[in-house]
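Next comes entry.txt, a file with compact mmCIF, C-alpha atoms.
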```txt
# COMPACT_ATOMS: atom_id res chain seq x y z
CA MET A 8 -53.69 -132.93 -39.66
CA GLU A 9 -52.94 -129.21 -39.82
CA LYS A 10 -54.32 -127.32 -36.87
CA LEU A 11 -56.33 -124.30 -37.94
CA ILE A 12 -55.33 -121.00 -36.44
CA TYR A 13 -57.99 -118.43 -35.81
CA PRO A 14 -57.46 -114.69 -35.27
CA ASN A 15 -59.19 -113.21 -32.25
CA GLU A 16 -61.49 -111.03 -34.37
CA PHE A 17 -64.03 -111.71 -37.03
CA TRP A 18 -66.48 -109.63 -39.03
CA ARG A 19 -70.17 -110.13 -39.63
CA GLY A 20 -71.96 -108.22 -42.40
CA ILE A 21 -75.20 -106.38 -41.63
CA SER A 22 -77.49 -106.52 -44.63
CA SER A 23 -80.26 -104.21 -43.42
CA LYS A 24 -80.58 -101.07 -41.32
CA ASP A 25 -83.55 -102.78 -39.70
CA PHE A 26 -81.00 -104.94 -37.89
CA ILE A 27 -79.77 -101.95 -35.92
CA LEU A 28 -81.73 -100.17 -33.19
CA GLU A 29 -80.41 -96.80 -32.04
CA GLY A 30 -76.85 -97.77 -32.96
CA ARG A 31 -77.01 -101.23 -31.39
CA VAL A 32 -76.86 -104.50 -33.30
CA LEU A 33 -80.04 -106.57 -33.03
CA PRO A 34 -80.17 -110.38 -33.01
CA ASP A 35 -81.72 -110.16 -36.49
CA ALA A 36 -78.14 -109.65 -37.75
CA PHE A 37 -77.19 -113.07 -36.38
CA GLN A 38 -79.83 -115.36 -37.83
CA PHE A 39 -78.42 -118.74 -38.82
CA ASP A 40 -79.40 -120.31 -42.15
CA ASP A 41 -82.78 -122.03 -42.27
CA CYS A 42 -81.42 -125.27 -43.63
CA GLY A 43 -79.00 -127.46 -41.75
CA ARG A 44 -75.93 -129.14 -43.30
CA THR A 45 -75.34 -132.85 -43.51
CA ASP A 46 -73.28 -132.62 -40.31
CA GLY A 47 -76.29 -131.23 -38.42
CA PHE A 48 -75.13 -127.61 -38.15
CA LYS A 49 -76.70 -124.41 -39.44
CA GLU A 50 -74.32 -121.74 -40.77
CA LEU A 51 -73.85 -118.04 -40.19
CA SER A 52 -71.26 -116.45 -42.50
CA ILE A 53 -68.36 -114.44 -41.11
CA ASN A 54 -64.98 -113.16 -42.29
CA TRP A 55 -61.96 -114.01 -40.16
CA ASN A 56 -59.85 -110.91 -39.57
CA ASP A 57 -56.56 -112.42 -40.79
CA ASP A 58 -55.32 -109.06 -42.08
CA ASP A 59 -56.56 -105.60 -43.07
CA ASN A 60 -57.92 -106.91 -46.34
CA ALA A 61 -60.55 -109.06 -44.60
CA LEU A 62 -62.69 -106.02 -43.85
CA ASP A 63 -62.28 -104.58 -47.34
CA VAL A 64 -63.38 -107.84 -48.92
CA LEU A 65 -66.53 -107.89 -46.81
CA LEU A 66 -67.38 -104.22 -47.30
CA SER A 67 -66.89 -104.56 -51.06
CA GLN A 68 -69.16 -107.57 -51.42
CA ARG A 69 -72.02 -106.93 -53.84
CA LYS A 70 -75.31 -108.59 -54.65
CA SER A 71 -76.19 -109.79 -58.13
CA ASN A 72 -77.93 -106.45 -58.81
CA GLY A 73 -74.68 -104.60 -58.09
CA LYS A 74 -75.79 -103.10 -54.77
CA LEU A 75 -73.70 -103.49 -51.65
CA GLN A 76 -74.40 -106.77 -49.87
CA PHE A 77 -74.00 -105.25 -46.45
CA SER A 78 -75.75 -101.92 -46.84
CA ALA A 79 -75.84 -101.31 -43.07
CA GLY A 80 -72.14 -102.01 -42.57
CA VAL A 81 -70.34 -104.72 -40.67
CA THR A 82 -69.78 -105.51 -37.03
CA GLN A 83 -66.66 -106.87 -35.38
CA LEU A 84 -66.66 -109.48 -32.61
CA LYS A 85 -63.86 -110.95 -30.55
CA LEU A 86 -63.63 -114.72 -30.68
CA SER A 87 -62.53 -114.76 -27.03
CA ASP A 88 -65.76 -113.00 -26.02
CA VAL A 89 -67.83 -115.42 -28.05
CA LYS A 90 -66.07 -118.42 -26.52
CA GLN A 91 -66.49 -117.02 -23.03
CA ASN A 92 -70.18 -116.27 -23.48
CA LEU A 93 -71.11 -119.43 -25.36
CA LEU A 94 -68.79 -121.85 -23.59
CA ALA A 95 -71.60 -124.11 -22.40
CA TYR A 96 -72.88 -124.50 -25.97
CA ILE A 97 -69.34 -125.17 -27.25
CA LEU A 98 -68.74 -127.86 -24.64
CA ARG A 99 -72.00 -129.57 -25.61
CA ASN A 100 -71.03 -129.43 -29.31
CA GLU A 101 -74.02 -127.19 -29.97
CA PHE A 102 -71.96 -124.22 -31.15
CA ALA A 103 -68.75 -124.13 -33.18
CA TYR A 104 -66.85 -122.12 -35.77
CA GLU A 105 -64.81 -122.90 -38.84
CA ARG A 106 -62.83 -121.59 -41.75
CA ARG A 107 -64.46 -122.19 -45.11
CA LYS A 108 -62.93 -120.32 -48.01
CA ILE A 109 -65.25 -119.47 -50.86
CA GLU A 110 -64.51 -118.17 -54.33
CA GLY A 111 -63.13 -114.64 -54.09
CA ASN A 112 -63.05 -114.64 -50.30
CA ASP A 113 -60.22 -116.48 -48.55
CA TYR A 114 -61.29 -115.02 -45.21
CA HIS A 115 -64.72 -116.61 -45.20
CA GLY A 116 -65.84 -118.88 -42.40
CA ASN A 117 -68.93 -119.76 -40.43
CA LEU A 118 -70.34 -119.72 -36.95
CA LEU A 119 -72.20 -122.99 -36.54
CA ILE A 120 -75.15 -123.96 -34.40
CA SER A 121 -76.69 -127.37 -33.96
CA GLU A 122 -79.98 -127.70 -35.80
CA LYS A 123 -81.17 -129.86 -32.92
CA LEU A 124 -81.06 -126.89 -30.58
CA PRO A 125 -84.59 -125.60 -29.85
CA LYS A 126 -85.47 -122.24 -31.35
CA LYS A 127 -85.62 -120.68 -27.88
CA LEU A 128 -81.93 -121.49 -27.32
CA ARG A 129 -80.94 -120.49 -30.86
CA SER A 130 -82.53 -117.12 -30.13
CA LEU A 131 -80.49 -116.81 -26.95
CA VAL A 132 -77.31 -117.48 -28.95
CA SER A 133 -78.25 -114.87 -31.57
CA ASN A 134 -79.02 -112.37 -28.82
CA SER A 135 -75.71 -113.16 -27.10
CA LEU A 136 -73.84 -112.44 -30.32
CA ALA A 137 -75.79 -109.19 -30.75
CA LEU A 138 -74.92 -108.15 -27.19
CA ILE A 139 -71.22 -108.90 -27.79
CA ALA A 140 -71.30 -106.87 -31.02
CA ASP A 141 -73.46 -104.09 -29.49
CA THR A 142 -72.35 -100.73 -30.97
CA ASN A 143 -69.23 -102.02 -32.69
CA ILE A 144 -70.38 -101.16 -36.20
CA ILE A 145 -68.32 -100.09 -39.20
CA PRO A 146 -70.47 -98.14 -41.67
CA PRO A 147 -70.67 -99.29 -45.29
CA LYS A 148 -68.58 -97.86 -48.08
CA GLU A 149 -70.39 -95.35 -50.20
CA ASP A 150 -72.25 -97.09 -52.95
CA PHE A 151 -71.39 -95.43 -56.26
CA ILE A 152 -73.41 -97.82 -58.39
CA MET B 28 -89.76 -111.38 -44.15
CA SER B 29 -90.61 -107.88 -43.07
CA ARG B 30 -89.25 -105.83 -40.28
CA THR B 31 -89.93 -102.49 -38.70
CA TYR B 32 -87.68 -100.03 -36.97
CA LEU B 33 -89.00 -97.44 -34.59
CA ASP B 34 -87.14 -94.19 -34.65
CA GLU B 35 -87.09 -92.36 -31.35
CA LYS B 36 -87.28 -89.07 -33.27
CA ASN B 37 -90.70 -90.04 -34.52
CA LYS B 38 -92.06 -90.36 -31.01
CA THR B 39 -94.80 -87.83 -30.45
CA ASN B 40 -96.24 -86.51 -27.27
CA THR B 41 -99.71 -86.22 -28.72
CA ILE B 42 -101.56 -89.42 -28.13
CA THR B 43 -104.44 -90.28 -30.38
CA ARG B 44 -106.97 -92.97 -29.85
CA LYS B 45 -106.37 -96.05 -31.90
CA THR B 46 -108.76 -98.88 -32.46
CA THR B 47 -106.15 -101.18 -33.92
CA TYR B 48 -105.97 -104.64 -32.39
CA ILE B 49 -108.04 -103.97 -29.30
CA PRO B 50 -111.38 -102.32 -28.55
CA LEU B 51 -109.83 -99.58 -26.45
CA ASP B 52 -113.21 -97.91 -25.97
CA ASN B 53 -114.06 -100.79 -23.70
CA VAL B 54 -111.13 -100.13 -21.44
CA ILE B 55 -112.34 -98.14 -18.44
CA LEU B 56 -109.77 -95.85 -16.91
CA GLU B 57 -109.97 -93.26 -14.18
CA ASP B 58 -109.49 -90.08 -16.16
CA ASP B 59 -108.28 -88.72 -19.47
CA LYS B 60 -104.76 -88.15 -18.22
CA VAL B 61 -104.39 -91.75 -17.25
CA TYR B 62 -106.08 -92.79 -20.47
CA ASN B 63 -103.70 -90.74 -22.62
CA THR B 64 -100.48 -91.62 -20.86
CA ASN B 65 -101.45 -95.21 -20.83
CA LEU B 66 -101.64 -95.17 -24.61
CA LYS B 67 -98.19 -93.78 -25.18
CA TYR B 68 -96.33 -97.07 -25.24
CA TYR B 69 -99.29 -98.90 -26.71
CA ASN B 70 -99.32 -96.53 -29.68
CA LYS B 71 -95.63 -97.17 -30.26
CA PHE B 72 -96.37 -100.87 -30.33
CA SER B 73 -99.36 -100.30 -32.57
CA GLU B 74 -97.35 -98.19 -34.99
CA ALA B 75 -94.72 -100.90 -35.23
CA MET B 76 -97.31 -103.62 -35.63
CA SER B 77 -98.99 -101.85 -38.52
CA LYS B 78 -95.81 -102.44 -40.54
CA ILE B 79 -95.58 -106.12 -39.72
CA GLY B 80 -98.44 -107.36 -41.87
CA ASP B 81 -100.84 -110.22 -41.28
CA ILE B 82 -100.62 -112.52 -38.30
CA ASN B 83 -102.98 -115.28 -37.31
CA ASN B 84 -105.79 -114.85 -34.78
CA HIS B 85 -104.02 -116.74 -32.00
CA GLN B 86 -100.88 -114.63 -32.42
CA GLN B 87 -102.99 -111.49 -32.46
CA ALA B 88 -104.83 -112.46 -29.28
CA LEU B 89 -101.63 -113.19 -27.34
CA LEU B 90 -99.96 -110.08 -28.72
CA GLN B 91 -102.92 -107.92 -27.71
CA LYS B 92 -102.78 -109.27 -24.20
CA PHE B 93 -99.05 -108.60 -23.98
CA LEU B 94 -99.30 -105.09 -25.46
CA LEU B 95 -102.17 -103.98 -23.26
CA ASP B 96 -100.66 -105.45 -20.13
CA PHE B 97 -97.30 -103.90 -20.91
CA SER B 98 -98.87 -100.53 -21.70
CA PHE B 99 -100.86 -100.43 -18.47
CA LYS B 100 -97.76 -101.17 -16.45
CA ALA B 101 -95.70 -98.72 -18.49
CA ASN B 102 -98.26 -96.15 -17.48
CA ASN B 103 -97.61 -96.84 -13.80
CA SER B 104 -93.87 -96.59 -14.39
CA TYR B 105 -94.28 -93.20 -16.04
CA TYR B 106 -96.17 -91.91 -13.04
CA SER B 107 -94.03 -93.39 -10.33
CA MET B 108 -90.78 -92.28 -11.94
CA ASN B 109 -92.16 -89.06 -13.40
CA ALA B 110 -90.28 -89.61 -16.65
CA ASP B 111 -91.80 -90.34 -20.02
CA SER B 112 -88.56 -91.59 -21.44
CA VAL B 113 -87.76 -94.09 -18.72
CA LEU B 114 -88.69 -97.04 -20.89
CA PRO B 115 -86.33 -97.62 -23.81
CA ASN B 116 -87.24 -98.03 -27.43
CA PHE B 117 -87.81 -101.47 -28.85
CA ASN B 118 -87.84 -103.28 -32.16
CA ILE B 119 -90.63 -105.42 -33.56
CA SER B 120 -89.91 -107.75 -36.45
CA LYS B 121 -91.28 -110.87 -38.06
CA ASP B 122 -88.81 -113.73 -38.36
CA VAL B 123 -88.48 -116.44 -41.01
CA ASP B 124 -91.07 -118.57 -39.18
CA ASP B 125 -93.56 -115.66 -39.16
CA ALA B 126 -93.11 -115.25 -35.43
CA ILE B 127 -93.47 -111.74 -34.01
CA VAL B 128 -90.27 -110.81 -32.20
CA ILE B 129 -90.15 -107.87 -29.77
CA THR B 130 -86.62 -106.89 -28.71
CA TRP B 131 -85.20 -104.39 -26.24
CA ALA B 132 -81.50 -103.61 -26.67
CA ASN B 133 -79.02 -101.85 -24.41
CA SER B 134 -75.28 -102.12 -23.77
CA ASN B 135 -76.02 -104.54 -20.93
CA TYR B 136 -78.92 -106.58 -22.20
CA ARG B 137 -80.97 -108.00 -25.01
CA ILE B 138 -84.48 -108.96 -23.97
CA PHE B 139 -86.90 -110.57 -26.38
CA VAL B 140 -90.38 -112.01 -26.63
CA ASN B 141 -91.25 -114.36 -29.48
CA ILE B 142 -94.90 -114.91 -30.35
CA GLU B 143 -94.84 -117.92 -32.62
CA LYS B 144 -97.37 -118.89 -35.29
CA ASN B 145 -98.29 -121.77 -33.03
CA THR B 146 -98.67 -119.62 -29.94
CA GLU B 147 -98.10 -122.60 -27.63
CA ASP B 148 -94.47 -122.50 -28.79
CA SER B 149 -94.04 -118.83 -27.82
CA PHE B 150 -91.17 -117.91 -25.53
CA TYR B 151 -89.17 -115.10 -23.98
CA GLY B 152 -85.48 -114.73 -23.24
CA ALA B 153 -82.93 -112.37 -21.77
CA ILE B 154 -79.16 -111.98 -21.97
CA THR B 155 -77.88 -109.63 -19.33
CA ARG B 156 -74.36 -108.41 -18.51
CA ASN B 157 -73.32 -107.19 -15.09
CA GLU B 158 -70.72 -104.57 -14.18
CA PHE B 159 -67.98 -107.24 -14.19
CA GLY B 160 -68.79 -108.21 -17.76
CA GLU B 161 -70.33 -111.52 -16.74
CA THR B 162 -73.36 -112.53 -18.73
CA HIS B 163 -76.40 -114.40 -17.58
CA SER B 164 -79.15 -115.82 -19.72
CA SER B 165 -82.65 -116.98 -18.99
CA SER B 166 -85.60 -118.06 -21.07
CA GLY B 167 -88.96 -119.70 -20.73
CA THR B 168 -92.30 -120.28 -22.34
CA PHE B 169 -94.63 -117.36 -22.85
CA ASN B 170 -98.38 -117.78 -22.62
CA GLU B 171 -101.51 -116.08 -21.35
CA ASP B 172 -100.99 -117.49 -17.88
CA ASN B 173 -97.56 -115.92 -17.28
CA CYS B 174 -98.10 -112.75 -19.35
CA ASP B 175 -98.81 -110.67 -16.24
CA LEU B 176 -95.65 -111.83 -14.46
CA LEU B 177 -93.49 -111.49 -17.56
CA THR B 178 -94.53 -107.91 -18.38
CA THR B 179 -93.94 -106.93 -14.74
CA LYS B 180 -90.46 -108.47 -14.80
CA ILE B 181 -89.52 -106.84 -18.11
CA ILE B 182 -90.69 -103.38 -17.06
CA ASP B 183 -88.99 -103.68 -13.68
CA TYR B 184 -85.73 -104.63 -15.36
CA LEU B 185 -85.96 -101.95 -18.06
CA THR B 186 -86.75 -99.16 -15.62
CA GLN B 187 -83.87 -100.17 -13.34
CA LYS B 188 -81.34 -100.31 -16.15
CA ASN B 189 -82.19 -97.07 -17.96
```
Translate this file's structure into structure tokens.
Amino acid sequence: MEKLIYPNEFWRGISSKDFILEGRVLPDAFQFDDCGRTDGFKELSINWNDDDNALDVLLSQRKSNGKLQFSAGVTQLKLSDVKQNLLAYILRNEFAYERRKIEGNDYHGNLLISEKLPKKLRSLVSNSLALIADTNIIPPKEDFI
Amino acid sequence: MSRTYLDEKNKTNTITRKTTYIPLDNVILEDDKVYNTNLKYYNKFSEAMSKIGDINNHQQALLQKFLLDFSFKANNSYYSMNADSVLPNFNISKDVDDAIVITWANSNYRIFVNIEKNTEDSFYGAITRNEFGETHSSSGTFNEDNCDLLTTKIIDYLTQKN
């Protein structure tokens, strides 16, 4: 089986300015999907920073109405920081990450959290990710539409 | 899902009486100065809450207790430290479960209080980072019984770190 290689950076889109407080990313930007998958994990979409195009793909993403998907920009996180901060969750198989290409976005992947984890701990994970991201925000491209 | 964002620029120094959420006329304080300063943080909370929308009675009761307790202690912090801006801004939002989430954010911490629809499930949490970059997390249940202790701990932490 081919071993997946992950770059040390990934991007997370910020869909609302309400997810930023005085230039700092809030945990609201790291809310995992409501529904769990068949493998028991909830997803949070990211783009792996394989090359310079990964950021462009994310910043160019649009909603069905033509508006920018990530109107508040994107934030970059280091995988090494995430692994260091969430090591206990990773060791207990409560937190993971993956590559999962989707149509038009080869860089797409997910952060994964066990749906069995109580909400209190899921909130701690989201807050940890927000603290790692902190002020590392790339503003959105100008929306000409 | 609705969220609010408090802009520091919108902070005013003029404090007006508000009757939202709590019968403030029943709160007896020593003098007008104390009364006014006391309301500063409460009004910020109140302003944010007005954008949140409906919450159930149990949530409202626990939130009121938290807000008033926090505001009273914020008042003491203002006086003891002689600085109105010693306490940082915060965010109040409603999550997908209709829980009220209050968050404080700084380069070295994220502190949050969740008041759930079923208030017995409410909780608080903190992720803090020390000068060596090491993080520490803690969390616990939040209820009327530990509200006093929790607000004291949060204010103590916030005033030390800002």
Inset, instruction - Fewer than 2 positions away in the same chain doesn't count, so skip those; otherwise give me all residues within 10 Å of Ile127 (chain B), counting only C-alpha atoms, as a PyMOL selection string. - result: chain B and resi 30+76+79+82+86-87+90+119-125+129-130+140-144+149
Chain B residues near chain A within 9 Å, closest pair each, using all atoms listed in the file, as JSON lines:
```
{"residue": "B:Arg30", "atom": "CA", "partner": "A:Asp25", "partner_atom": "CA", "distance": 6.5}
{"residue": "B:Thr31", "atom": "CA", "partner": "A:Asp25", "partner_atom": "CA", "distance": 6.5}
{"residue": "B:Tyr32", "atom": "CA", "partner": "A:Asp25", "partner_atom": "CA", "distance": 5.7}
{"residue": "B:Leu33", "atom": "CA", "partner": "A:Leu28", "partner_atom": "CA", "distance": 7.9}
{"residue": "B:Asp34", "atom": "CA", "partner": "A:Glu29", "partner_atom": "CA", "distance": 7.7}
{"residue": "B:Glu35", "atom": "CA", "partner": "A:Glu29", "partner_atom": "CA", "distance": 8.1}
{"residue": "B:Asn116", "atom": "CA", "partner": "A:Leu28", "partner_atom": "CA", "distance": 8.3}
{"residue": "B:Phe117", "atom": "CA", "partner": "A:Leu28", "partner_atom": "CA", "distance": 7.6}
{"residue": "B:Asn118", "atom": "CA", "partner": "A:Leu28", "partner_atom": "CA", "distance": 6.9}
{"residue": "B:Ser120", "atom": "CA", "partner": "A:Asp35", "partner_atom": "CA", "distance": 8.5}
{"residue": "B:Asp122", "atom": "CA", "partner": "A:Asp35", "partner_atom": "CA", "distance": 8.2}
{"residue": "B:Val123", "atom": "CA", "partner": "A:Asp41", "partner_atom": "CA", "distance": 8.1}
{"residue": "B:Thr130", "atom": "CA", "partner": "A:Leu33", "partner_atom": "CA", "distance": 7.9}
{"residue": "B:Trp131", "atom": "CA", "partner": "A:Leu33", "partner_atom": "CA", "distance": 8.8}
{"residue": "B:Ala132", "atom": "CA", "partner": "A:Arg31", "partner_atom": "CA", "distance": 6.9}
{"residue": "B:Asn133", "atom": "CA", "partner": "A:Arg31", "partner_atom": "CA", "distance": 7.3}
{"residue": "B:Ser134", "atom": "CA", "partner": "A:Asp141", "partner_atom": "CA", "distance": 6.3}
{"residue": "B:Asn135", "atom": "CA", "partner": "A:Leu138", "partner_atom": "CA", "distance": 7.3}
{"residue": "B:Tyr136", "atom": "CA", "partner": "A:Leu138", "partner_atom": "CA", "distance": 6.6}
{"residue": "B:Arg137", "atom": "CA", "partner": "A:Asn134", "partner_atom": "CA", "distance": 6.1}
{"residue": "B:Ile138", "atom": "CA", "partner": "A:Asn134", "partner_atom": "CA", "distance": 8.1}
{"residue": "B:Phe139", "atom": "CA", "partner": "A:Asn134", "partner_atom": "CA", "distance": 8.4}
{"residue": "B:Asn141", "atom": "CA", "partner": "A:Lys127", "partner_atom": "CA", "distance": 8.6}
{"residue": "B:Ser149", "atom": "CA", "partner": "A:Lys127", "partner_atom": "CA", "distance": 8.6}
{"residue": "B:Phe150", "atom": "CA", "partner": "A:Lys127", "partner_atom": "CA", "distance": 6.6}
{"residue": "B:Tyr151", "atom": "CA", "partner": "A:Lys127", "partner_atom": "CA", "distance": 7.7}
{"residue": "B:Gly152", "atom": "CA", "partner": "A:Leu131", "partner_atom": "CA", "distance": 6.6}
{"residue": "B:Ala153", "atom": "CA", "partner": "A:Leu131", "partner_atom": "CA", "distance": 7.2}
{"residue": "B:Ile154", "atom": "CA", "partner": "A:Ser135", "partner_atom": "CA", "distance": 6.3}
{"residue": "B:Thr155", "atom": "CA", "partner": "A:Leu138", "partner_atom": "CA", "distance": 8.5}
{"residue": "B:Arg156", "atom": "CA", "partner": "A:Leu138", "partner_atom": "CA", "distance": 8.7}
{"residue": "B:Glu161", "atom": "CA", "partner": "A:Asn92", "partner_atom": "CA", "distance": 8.2}
{"residue": "B:Thr162", "atom": "CA", "partner": "A:Asn92", "partner_atom": "CA", "distance": 6.8}
{"residue": "B:His163", "atom": "CA", "partner": "A:Asn92", "partner_atom": "CA", "distance": 8.8}
{"residue": "B:Ser164", "atom": "CA", "partner": "A:Leu131", "partner_atom": "CA", "distance": 7.4}
{"residue": "B:Ser165", "atom": "CA", "partner": "A:Leu131", "partner_atom": "CA", "distance": 8.2}
{"residue": "B:Ser166", "atom": "CA", "partner": "A:Lys127", "partner_atom": "CA", "distance": 7.3}
{"residue": "B:Gly167", "atom": "CA", "partner": "A:Lys127", "partner_atom": "CA", "distance": 8.0}
{"residue": "B:Thr168", "atom": "CA", "partner": "A:Lys127", "partner_atom": "CA", "distance": 8.7}
```
Inset, instruction - Excluding region 46-55 of chain A and residues on its chain fewer than 3 positions from it, collect all residues at most 8 Å away from it, counting all atoms listed in the file, and give them as a ChimeraX atom specification. - result: /A:13-14,16-20,37-43,61-62,65,106,114-123
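The interatomic distance for the pair CA of Phe159 (chain B) and CA of Leu84 (chain A) works out to 18.6 Å.
Note that CA of Lys148 (chain A) and CA of Ile109 (chain A) are 22.0 Å apart.
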Legend entry - Atomic distance CA of Ile182 (chain B) - CA of Ala101 (chain B), expressed in Å with one decimal: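 We find that CA of Ile182 (chain B) and CA of Ala101 (chain B) lie 7.0 Å from each other.
Shell of Cys174 (chain B) at 9 Å, with only C-alpha atoms counted and residues fewer than 5 places along the chain excluded, is B:Leu89, B:Lys92, B:Phe93, B:Asp96, B:Phe169, B:Thr179.
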Legend entry - Which residue of A:Ser67, A:Leu124, A:Asn72, A:Asp57 approaches Glu101 (chain A) most closely, using only C-alpha atoms: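 Closest to Glu101 (chain A) of all the choices is A:Leu124.
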